[in-house]
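Working notes, beginning with the structure itself.
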Amino acid sequence: MKTNLRRLKSFIQFFIGAASIALICYVSLEVTGEVWKHGDDTDWLNAYISNLNWQSLSVILSGCVVLLTMGFPRQAVSFFCGVGFGAWQGGLIALLLTVLSACIAYALANGPLRSLAVRLLGSKLKPVENKLAKRSFRNVLIVRLFPVGSNLITNAVAGVLSIPFVPFIVASAIGFAPQTFLFTLLGSGSRFVSSLEQPLQIGGLIISLLLLLSLSGISRRSEPS
């Protein structure tokens with residue numbers, strides 16, 4: 001009887017949590033809907049942002065954090081911040097929003113998702129955690145600098161496997177920076193974006209591959225002979 005009640009309580013808590021997240025996401029889409037509808041029209045975005053007071057702008061930026069947490073493309077948010085605040089100030093704001101969303105996603109994954117993973121995998125989770133914790137900064141930086149990948153999956157995996165938070169968030173901020181500033185430059189209408197885009201993308205890929213190769217070399221040297 002107690003087991004059934006416990007299961008029912010867990011189900012109710014899960015349902016309430018999922019419904020709350022769905023509601024927050026819906027509200028966030030509603031408050032930011034006009035921005036994404038005219039996302040490629042810089043003239044419209046400029047006029048729209050100039051008519052907003054700071055309270056309305058704060059609500060939209062908060063909505064952006066929620067959407068980023070759920071996996072919304074950070075490039076779109078960076079572009080919007082570039083239009084609204086300029087290349088460098090917009091870049092800092094977009095980077096702050098993206099890092100904040102990574103913190104929230106990590107915390108969510110480190111709570112209910114981790115509990116579920118521990119319940120399902122038990123002791124099998126520990127060796128993976130120990131292995132990733134050794135070079136967590138490098139591992140996260142490789143993923144963040146790579147031109148393709150899912151931030152949502154990275155945040156979820158980091159939280160579930162309890163990758164140390166400080167290396168995770170510092171590596172994330174560094175890895176987010178190139179693409180974030182690239183898209184705020186694009187949103188601000190900078191003339192230099194075309195000359196920066198390809199080198200930044202290629203540079204991120206090369207650095208990721210070099211880090212990956214060096215990590216493989218360290219792993220081979222650490223293996224017992």
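FYI, nothing fancy with the structure tokens labels: chains A, B, ... in order, residues from 1 per chain, ligands from 1 as they appear.
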Exercise. Compile the contact shell of region 85-92 of chain A as a VMD selection string: residues with an atom at most 9 Å away, counting only C-alpha atoms, same-chain residues fewer than 5 positions apart removed.
Key: chain A and resid 78 to 80 97 177 180 to 190
Quick one: residues within 9 Å of Val59 (chain A), only C-alpha atoms counted, chain neighbours fewer than 3 positions away excluded, as an mmCIF file with N, CA and C atoms, in the first residue's frame?
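Written file, around.cif:
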data_model
loop_
_atom_site.group_PDB
_atom_site.id
_atom_site.type_symbol
_atom_site.label_atom_id
_atom_site.label_comp_id
_atom_site.auth_asym_id
_atom_site.auth_seq_id
_atom_site.Cartn_x
_atom_site.Cartn_y
_atom_site.Cartn_z
ATOM 1 N N SER A 28 6.342 31.959 -22.419
ATOM 2 C CA SER A 28 7.573 32.530 -22.999
ATOM 3 C C SER A 28 7.459 32.671 -24.511
ATOM 4 N N VAL A 31 5.124 35.736 -25.203
ATOM 5 C CA VAL A 31 5.688 37.074 -24.981
ATOM 6 C C VAL A 31 6.808 37.399 -25.977
ATOM 7 N N THR A 32 7.423 36.354 -26.548
ATOM 8 C CA THR A 32 8.501 36.597 -27.519
ATOM 9 C C THR A 32 8.061 36.310 -28.962
ATOM 10 N N TRP A 54 11.636 49.352 -20.219
ATOM 11 C CA TRP A 54 12.585 48.374 -19.670
ATOM 12 C C TRP A 54 11.874 47.178 -19.048
ATOM 13 N N GLN A 55 10.632 47.396 -18.512
ATOM 14 C CA GLN A 55 9.904 46.260 -17.939
ATOM 15 C C GLN A 55 9.533 45.241 -19.016
ATOM 16 N N SER A 56 9.018 45.740 -20.144
ATOM 17 C CA SER A 56 8.640 44.840 -21.245
ATOM 18 C C SER A 56 9.858 44.125 -21.816
ATOM 19 N N SER A 62 13.622 37.537 -20.248
ATOM 20 C CA SER A 62 13.341 36.403 -19.360
ATOM 21 C C SER A 62 12.743 35.249 -20.152
ATOM 22 N N GLY A 63 11.848 35.586 -21.083
ATOM 23 C CA GLY A 63 11.279 34.565 -21.965
ATOM 24 C C GLY A 63 12.352 33.888 -22.797
ATOM 25 N N CYS A 64 13.342 34.674 -23.238
ATOM 26 C CA CYS A 64 14.456 34.109 -24.008
ATOM 27 C C CYS A 64 15.252 33.096 -23.180
#
Quiz item: So which one's closest to Asn139 (chain A), A:Phe168, A:Trp44, A:Phe15, A:Phe72? Using only C-alpha atoms, please.
Solution: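 Going through A:Phe168, A:Trp44, A:Phe15, A:Phe72 one by one, the smallest distance to Asn139 (chain A) is for A:Phe168.
CA of Val35 (chain A) to CA of Ala109 (chain A) spans 28.5 Å [interatomic distance, one decimal].
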Quiz prompt | Counting only C-alpha atoms, the option among A:Asn51, A:Ser101, A:Ser115, A:Ser162 closest to Pro73 (chain A) | solution = A:Ser101
Exercise. Kindly indicate which residue among A:Ile93, A:Ile169, A:Ala19, A:Leu161 lies nearest to Pro127 (chain A), using only C-alpha atoms for the distances.
Key: A:Leu161
Quiz prompt | Point-to-point distance in Å for CA of Gly159 (chain A) and CA of Gly33 (chain A) | solution = 29.3 Å
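Interatomic distance, CA of Leu45 (chain A) to CA of Gly84 (chain A): 7.6 Å.
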Quiz prompt | Test item: residues at most 9 Å from region 110-112 of chain A, only C-alpha atoms, excluding those fewer than 2 positions along its chain, as a PyMOL selection string | solution = chain A and resi 14+105-108+114-117+156-162
Output all heavy atoms for every residue in the selection just made, as a compact mmCIF listing (two decimals), in the first residue's frame.
# COMPACT_ATOMS: atom_id res chain seq x y z
N PHE A 14 5.67 14.53 -10.75
CA PHE A 14 6.19 14.59 -12.12
C PHE A 14 5.21 15.32 -13.04
O PHE A 14 5.61 16.17 -13.84
CB PHE A 14 6.44 13.17 -12.65
CG PHE A 14 6.86 13.15 -14.09
CD1 PHE A 14 8.18 13.40 -14.45
CD2 PHE A 14 5.94 12.88 -15.10
CE1 PHE A 14 8.57 13.38 -15.78
CE2 PHE A 14 6.33 12.86 -16.43
CZ PHE A 14 7.65 13.12 -16.77
N ALA A 105 19.25 24.73 -16.81
CA ALA A 105 19.12 23.38 -17.37
C ALA A 105 19.96 22.38 -16.58
O ALA A 105 19.51 21.25 -16.32
CB ALA A 105 19.56 23.39 -18.84
N TYR A 106 21.15 22.79 -16.17
CA TYR A 106 22.02 21.93 -15.36
C TYR A 106 21.34 21.59 -14.03
O TYR A 106 21.33 20.43 -13.60
CB TYR A 106 23.35 22.63 -15.11
CG TYR A 106 24.31 21.85 -14.24
CD1 TYR A 106 25.30 21.05 -14.81
CD2 TYR A 106 24.24 21.94 -12.86
CE1 TYR A 106 26.19 20.35 -14.01
CE2 TYR A 106 25.12 21.23 -12.04
CZ TYR A 106 26.09 20.44 -12.62
OH TYR A 106 26.97 19.73 -11.82
N ALA A 107 20.77 22.62 -13.39
CA ALA A 107 20.12 22.40 -12.09
C ALA A 107 18.91 21.47 -12.22
O ALA A 107 18.70 20.59 -11.38
CB ALA A 107 19.68 23.75 -11.51
N LEU A 108 18.12 21.65 -13.27
CA LEU A 108 16.96 20.78 -13.49
C LEU A 108 17.41 19.33 -13.75
O LEU A 108 16.81 18.39 -13.22
CB LEU A 108 16.13 21.28 -14.68
CG LEU A 108 15.36 22.59 -14.47
CD1 LEU A 108 14.76 23.06 -15.78
CD2 LEU A 108 14.27 22.42 -13.42
N ARG A 114 18.49 13.34 -12.75
CA ARG A 114 19.54 12.54 -12.13
C ARG A 114 18.94 11.45 -11.24
O ARG A 114 19.40 10.31 -11.23
CB ARG A 114 20.49 13.42 -11.34
CG ARG A 114 21.54 12.62 -10.60
CD ARG A 114 22.64 13.46 -10.00
NE ARG A 114 23.45 12.65 -9.11
CZ ARG A 114 24.35 11.78 -9.52
NH1 ARG A 114 24.55 11.59 -10.80
NH2 ARG A 114 25.05 11.08 -8.64
N SER A 115 17.91 11.81 -10.48
CA SER A 115 17.24 10.83 -9.61
C SER A 115 16.71 9.66 -10.43
O SER A 115 16.84 8.49 -10.05
CB SER A 115 16.09 11.48 -8.85
OG SER A 115 16.57 12.53 -8.04
N LEU A 116 16.12 9.98 -11.59
CA LEU A 116 15.59 8.94 -12.48
C LEU A 116 16.73 8.08 -13.04
O LEU A 116 16.62 6.85 -13.10
CB LEU A 116 14.81 9.59 -13.63
CG LEU A 116 14.21 8.65 -14.68
CD1 LEU A 116 13.17 7.73 -14.03
CD2 LEU A 116 13.57 9.46 -15.81
N ALA A 117 17.84 8.73 -13.45
CA ALA A 117 18.98 7.98 -14.00
C ALA A 117 19.60 7.06 -12.96
O ALA A 117 19.95 5.91 -13.26
CB ALA A 117 20.03 8.96 -14.52
N ALA A 156 21.86 18.73 -20.21
CA ALA A 156 21.17 17.62 -19.53
C ALA A 156 22.17 16.54 -19.10
O ALA A 156 22.12 16.06 -17.96
CB ALA A 156 20.10 17.02 -20.45
N VAL A 157 23.08 16.18 -20.00
CA VAL A 157 24.08 15.15 -19.68
C VAL A 157 24.99 15.61 -18.55
O VAL A 157 25.30 14.85 -17.62
CB VAL A 157 24.91 14.80 -20.94
CG1 VAL A 157 26.12 13.93 -20.57
CG2 VAL A 157 24.04 14.07 -21.95
N ALA A 158 25.42 16.88 -18.60
CA ALA A 158 26.29 17.43 -17.55
C ALA A 158 25.60 17.39 -16.19
O ALA A 158 26.21 17.04 -15.17
CB ALA A 158 26.68 18.87 -17.89
N GLY A 159 24.30 17.72 -16.16
CA GLY A 159 23.56 17.70 -14.89
C GLY A 159 23.33 16.30 -14.38
O GLY A 159 23.53 16.01 -13.20
N VAL A 160 22.92 15.41 -15.27
CA VAL A 160 22.63 14.02 -14.87
C VAL A 160 23.89 13.33 -14.35
O VAL A 160 23.85 12.59 -13.37
CB VAL A 160 22.03 13.22 -16.06
CG1 VAL A 160 22.01 11.73 -15.76
CG2 VAL A 160 20.62 13.71 -16.35
N LEU A 161 25.03 13.58 -15.00
CA LEU A 161 26.28 12.93 -14.61
C LEU A 161 27.06 13.73 -13.55
O LEU A 161 28.19 13.39 -13.22
CB LEU A 161 27.17 12.73 -15.83
CG LEU A 161 26.60 11.77 -16.89
CD1 LEU A 161 27.53 11.66 -18.08
CD2 LEU A 161 26.34 10.39 -16.30
N SER A 162 26.43 14.79 -13.04
CA SER A 162 27.03 15.62 -11.97
C SER A 162 28.45 16.07 -12.31
O SER A 162 29.36 16.01 -11.47
CB SER A 162 27.04 14.85 -10.64
OG SER A 162 25.78 14.89 -10.04
